2 protein chains.
Amino acid sequence: MKVALIQHSVKNSKDETLSKTVSMIKEASLKGANLVVLQELHQSSYFCIVEDPKNFDLANDFEEDLKFWASIAKEFGVVLVTSLFEKRAAGLYHNSAFVFEKDGSLAGKYRKMHIPDDPGFYEKFYFTPGDLGYEPIDTSVGRLGVLICWDQWFPEAARLMAMRGAEVLIYPTAIGWFEDDSKDEKDRQKSSWIDIQRSHAIANGLPVISVNRVGKEHDPSKLLDGILFWGNSFVCGPQGEFLHECGMDEELAIIKIDKKRTEEVRRMWPFFRDRRVDSYKDILKIYID
Amino acid sequence: MKVALIQHSVKNSKDETLSKTVSMIKEASLKGANLVVLQELHQSSYFCIVEDPKNFDLANDFEEDLKFWASIAKEFGVVLVTSLFEKRAAGLYHNSAFVFEKDGSLAGKYRKMHIPDDPGFYEKFYFTPGDLGYEPIDTSVGRLGVLICWDQWFPEAARLMAMRGAEVLIYPTAIGWFEDDSKDEKDRQKSSWIDIQRSHAIANGLPVISVNRVGKEHDPSKLLDGILFWGNSFVCGPQGEFLHECGMDEELAIIKIDKKRTEEVRRMWPFFRDRRVDSYKDILKIYID
């Protein structure tokens, strides 16, 4: 598996943004990538920075978007993980990942299960929580456990993907800082974001791919100064070891992943052998009180 | 909460080892610690390095051991987390943590739920998996989520302790390297051990305390060259940020923990608000196939 991570900033128009993304996919394909992962909601600015009903218009062309990315996957002969604003019915929207096979067919989709909502990240306004559960998507490069952003903080999601045979976990992401926060707080946030995702690799003995946006995006409501997306997309192996870490600028990174290491690592530290499923039933509660 | 982490090597006899531990508890108490955490199976060598029925004799004095550590907690006026080889009945043993209140009373116990077994760590031979579940232990310094070593690789255990209101997670541990492993492999192992425990702090928004053995211990069967326990006991806050990291030598570290940060951190990134308990039921399976 040779995966390309594409992190870039949003451009002045959808056309311009798409054209940037496509040029990077082209480069990835020329360099031999067979899997390309894009950042969360890569077609537009991170519009959830504000609650504005007009933003639902961004999903108006959802069906055409699907056709467009299918054609790109086919043109460049790669398995392509996209992250789109899915319009399912009038007034019913999801934050979804659509995965296209290298022949342009739809390999599968995942609807974000855990939806955040805090100042500047008003996703509960836009997205209905997913109803498809944690189903890995079978492709010509392997069985992909695609999750999205906020899902990354929930070990349960990673575990369920792994228990269904995912060979790799993939997180398109949009996370960044507010300028007001201290340097220490920013460091803690970035470090915990990296750490929690590495931990899913470790707990489940499989590689993790995470792709984040870069660049500063402004808040049209002027309530916030904006969000500086910190990039730092990365790939780690099944012991959580870094295979690549991007910086905060636009970057195309191509990384080879050896799927055979999962078997080696799981033999050495066989956590799946020892789960105490007889003792976990209270995990199905919100809290134990 | 002012916690003392005590990591030390095993001495030539049980008396000598206990006397070392007690001298460090005394120092911790003089320095104002109100909680003391000892390493896993701190009374003896890590005897699980080999399967030998004679080693069950190490639990013969279990009832006296309890009285001894109760008296030490009382003498130095600290809440004390011990890790003992529990003899429950003829042929029935557990790897257990006993927590004593500063007046010497027993605050509670935890029996290791996840039992490892791999070359040099033959714990399934000695210990019956715990049957008490994940019950935090109430003490005068707070509600302690005590888990033991191999439990640290299972996000489910940490989650269940947190869901029952644990204010801090505590892991007495015995983990080390085989000399044969490459430096890279050793680095990956230590890093993943740290990372997975920090991730429990992050996923659950609470501090984590981990105390590991130090020093080289030999294998009486000569099958292995022995284990070099890597120490590196640490405390991290509820964002996984390090408050202290020990080295590989004997060390007494005293760290102040601000329990109020949990509320702040959980307000900012409210993961408990957003768990999708409607979608987790397959976690109760061994695998989904």
# chains A, B, ... in the order shown; residues from 1 in each chain; ligands from 1

$ interface_residues --of "chain B" --to "chain A" --cutoff "6 Å" --atoms "only C-alpha atoms" --output "ChimeraX atom specification"
/B:153,163-164,196,199,203,277,284,287-288

$ write_last_selection --atoms "C-alpha atoms" --output "mmCIF file, in the first residue's frame"
data_model
loop_
_atom_site.group_PDB
_atom_site.id
_atom_site.type_symbol
_atom_site.label_atom_id
_atom_site.label_comp_id
_atom_site.auth_asym_id
_atom_site.auth_seq_id
_atom_site.Cartn_x
_atom_site.Cartn_y
_atom_site.Cartn_z
ATOM 1 C CA TRP B 153 -3.360 -1.696 26.628
ATOM 2 C CA MET B 163 -17.429 6.133 33.589
ATOM 3 C CA ARG B 164 -17.639 5.076 37.235
ATOM 4 C CA ILE B 196 -1.339 4.226 25.120
ATOM 5 C CA SER B 199 -4.332 8.269 25.427
ATOM 6 C CA ALA B 203 -9.970 10.038 25.860
ATOM 7 C CA VAL B 277 -23.602 4.178 22.925
ATOM 8 C CA LEU B 284 -18.986 -7.098 23.697
ATOM 9 C CA TYR B 287 -14.314 -10.260 17.007
ATOM 10 C CA ILE B 288 -16.897 -9.443 14.371
#

$ select_by_dssp --residues "stretch 118-275 of chain B" --states "strand (DSSP E)" --output "ChimeraX atom specification"
/B:137-139,142-146,168-173,176-177,208-212,214-217,227-230,234-236,242-245,251-256

$ closest_atom_pairs --of "stretch 156-247 of chain A" --to "stretch 141-145 of chain A" --cutoff "7 Å" --atoms "only C-alpha atoms" --output "Markdown table"
| residue | atom | partner | partner_atom | distance |
| --- | --- | --- | --- | --- |
| A:Met161 | CA | A:Gly145 | CA | 5.6 |
| A:Ala166 | CA | A:Gly145 | CA | 4.9 |
| A:Glu167 | CA | A:Arg143 | CA | 5.4 |
| A:Val168 | CA | A:Leu144 | CA | 5.6 |
| A:Leu169 | CA | A:Gly145 | CA | 4.5 |
| A:Ile170 | CA | A:Gly145 | CA | 6.0 |

$ write_last_selection --atoms "N, CA and C atoms" --output "compact mmCIF listing (two decimals), in the first residue's frame"
# COMPACT_ATOMS: atom_id res chain seq x y z
N MET A 161 -13.94 -0.75 14.19
CA MET A 161 -13.41 -0.90 12.83
C MET A 161 -12.39 -2.04 12.78
N ALA A 166 -10.70 -4.12 9.62
CA ALA A 166 -10.01 -3.02 8.94
C ALA A 166 -8.50 -3.28 9.00
N GLU A 167 -7.81 -3.01 7.90
CA GLU A 167 -6.35 -3.20 7.85
C GLU A 167 -5.62 -1.91 8.15
N VAL A 168 -6.33 -0.80 8.07
CA VAL A 168 -5.74 0.50 8.34
C VAL A 168 -6.89 1.42 8.76
N LEU A 169 -6.60 2.36 9.66
CA LEU A 169 -7.60 3.38 10.01
C LEU A 169 -7.24 4.68 9.29
N ILE A 170 -8.26 5.36 8.80
CA ILE A 170 -8.06 6.59 8.02
C ILE A 170 -8.96 7.69 8.58

$ residues_around --residues "B:Ile255" --least-positions-apart "6" --cutoff "10 Å" --atoms "only C-alpha atoms" --output "PDB file with N, CA, C and O atoms, in the first residue's frame"
ATOM      1  N   MET B   1      -4.026  16.839  45.446  1.00  0.00           N
ATOM      2  CA  MET B   1      -3.424  15.498  45.467  1.00  0.00           C
ATOM      3  C   MET B   1      -1.919  15.619  45.184  1.00  0.00           C
ATOM      4  O   MET B   1      -1.525  16.229  44.200  1.00  0.00           O
ATOM      5  N   LYS B   2      -1.122  15.059  46.087  1.00  0.00           N
ATOM      6  CA  LYS B   2       0.328  15.128  45.913  1.00  0.00           C
ATOM      7  C   LYS B   2       0.822  13.681  45.910  1.00  0.00           C
ATOM      8  O   LYS B   2       0.877  13.032  46.961  1.00  0.00           O
ATOM      9  N   VAL B   3       1.135  13.188  44.727  1.00  0.00           N
ATOM     10  CA  VAL B   3       1.405  11.757  44.583  1.00  0.00           C
ATOM     11  C   VAL B   3       2.912  11.487  44.533  1.00  0.00           C
ATOM     12  O   VAL B   3       3.664  12.240  43.909  1.00  0.00           O
ATOM     13  N   ALA B   4       3.322  10.418  45.199  1.00  0.00           N
ATOM     14  CA  ALA B   4       4.712   9.947  45.108  1.00  0.00           C
ATOM     15  C   ALA B   4       4.752   8.690  44.262  1.00  0.00           C
ATOM     16  O   ALA B   4       4.005   7.739  44.511  1.00  0.00           O
ATOM     17  N   LEU B   5       5.623   8.703  43.246  1.00  0.00           N
ATOM     18  CA  LEU B   5       5.879   7.514  42.430  1.00  0.00           C
ATOM     19  C   LEU B   5       7.178   6.901  42.946  1.00  0.00           C
ATOM     20  O   LEU B   5       8.192   7.603  43.059  1.00  0.00           O
ATOM     21  N   ALA B  33       3.919  14.049  50.410  1.00  0.00           N
ATOM     22  CA  ALA B  33       3.019  13.255  49.564  1.00  0.00           C
ATOM     23  C   ALA B  33       1.846  12.746  50.391  1.00  0.00           C
ATOM     24  O   ALA B  33       2.024  12.352  51.549  1.00  0.00           O
ATOM     25  N   LEU B  35      -0.378  10.568  48.682  1.00  0.00           N
ATOM     26  CA  LEU B  35      -0.686   9.327  47.943  1.00  0.00           C
ATOM     27  C   LEU B  35       0.637   8.729  47.471  1.00  0.00           C
ATOM     28  O   LEU B  35       1.481   9.454  46.923  1.00  0.00           O
ATOM     29  N   ILE B 209      -1.388   8.033  36.273  1.00  0.00           N
ATOM     30  CA  ILE B 209      -0.152   7.769  37.019  1.00  0.00           C
ATOM     31  C   ILE B 209       0.291   6.352  36.676  1.00  0.00           C
ATOM     32  O   ILE B 209      -0.504   5.420  36.803  1.00  0.00           O
ATOM     33  N   PHE B 234       5.605   7.713  35.094  1.00  0.00           N
ATOM     34  CA  PHE B 234       5.243   9.079  34.733  1.00  0.00           C
ATOM     35  C   PHE B 234       3.854   9.445  35.249  1.00  0.00           C
ATOM     36  O   PHE B 234       3.066   8.573  35.625  1.00  0.00           O
ATOM     37  N   VAL B 235       3.619  10.746  35.238  1.00  0.00           N
ATOM     38  CA  VAL B 235       2.283  11.275  35.514  1.00  0.00           C
ATOM     39  C   VAL B 235       1.946  12.213  34.371  1.00  0.00           C
ATOM     40  O   VAL B 235       2.777  13.027  33.955  1.00  0.00           O
ATOM     41  N   CYS B 236       0.743  12.097  33.835  1.00  0.00           N
ATOM     42  CA  CYS B 236       0.296  13.092  32.864  1.00  0.00           C
ATOM     43  C   CYS B 236      -1.062  13.640  33.277  1.00  0.00           C
ATOM     44  O   CYS B 236      -1.807  13.009  34.035  1.00  0.00           O
ATOM     45  N   LEU B 243       3.418  15.621  33.383  1.00  0.00           N
ATOM     46  CA  LEU B 243       3.699  16.401  34.592  1.00  0.00           C
ATOM     47  C   LEU B 243       5.045  15.953  35.155  1.00  0.00           C
ATOM     48  O   LEU B 243       5.732  16.711  35.821  1.00  0.00           O
ATOM     49  N   HIS B 244       5.410  14.704  34.877  1.00  0.00           N
ATOM     50  CA  HIS B 244       6.732  14.204  35.270  1.00  0.00           C
ATOM     51  C   HIS B 244       7.029  12.912  34.518  1.00  0.00           C
ATOM     52  O   HIS B 244       6.136  12.083  34.331  1.00  0.00           O
TER      53      HIS B 244
END

$ residues_around --residues "A:Leu18" --least-positions-apart "5" --cutoff "10 Å" --atoms "only C-alpha atoms" --output "list in words"
Val10, Lys11, Ser13, Ser23, Met24, His42, Gln43, Ser44, Phe68 and Trp69 of chain A
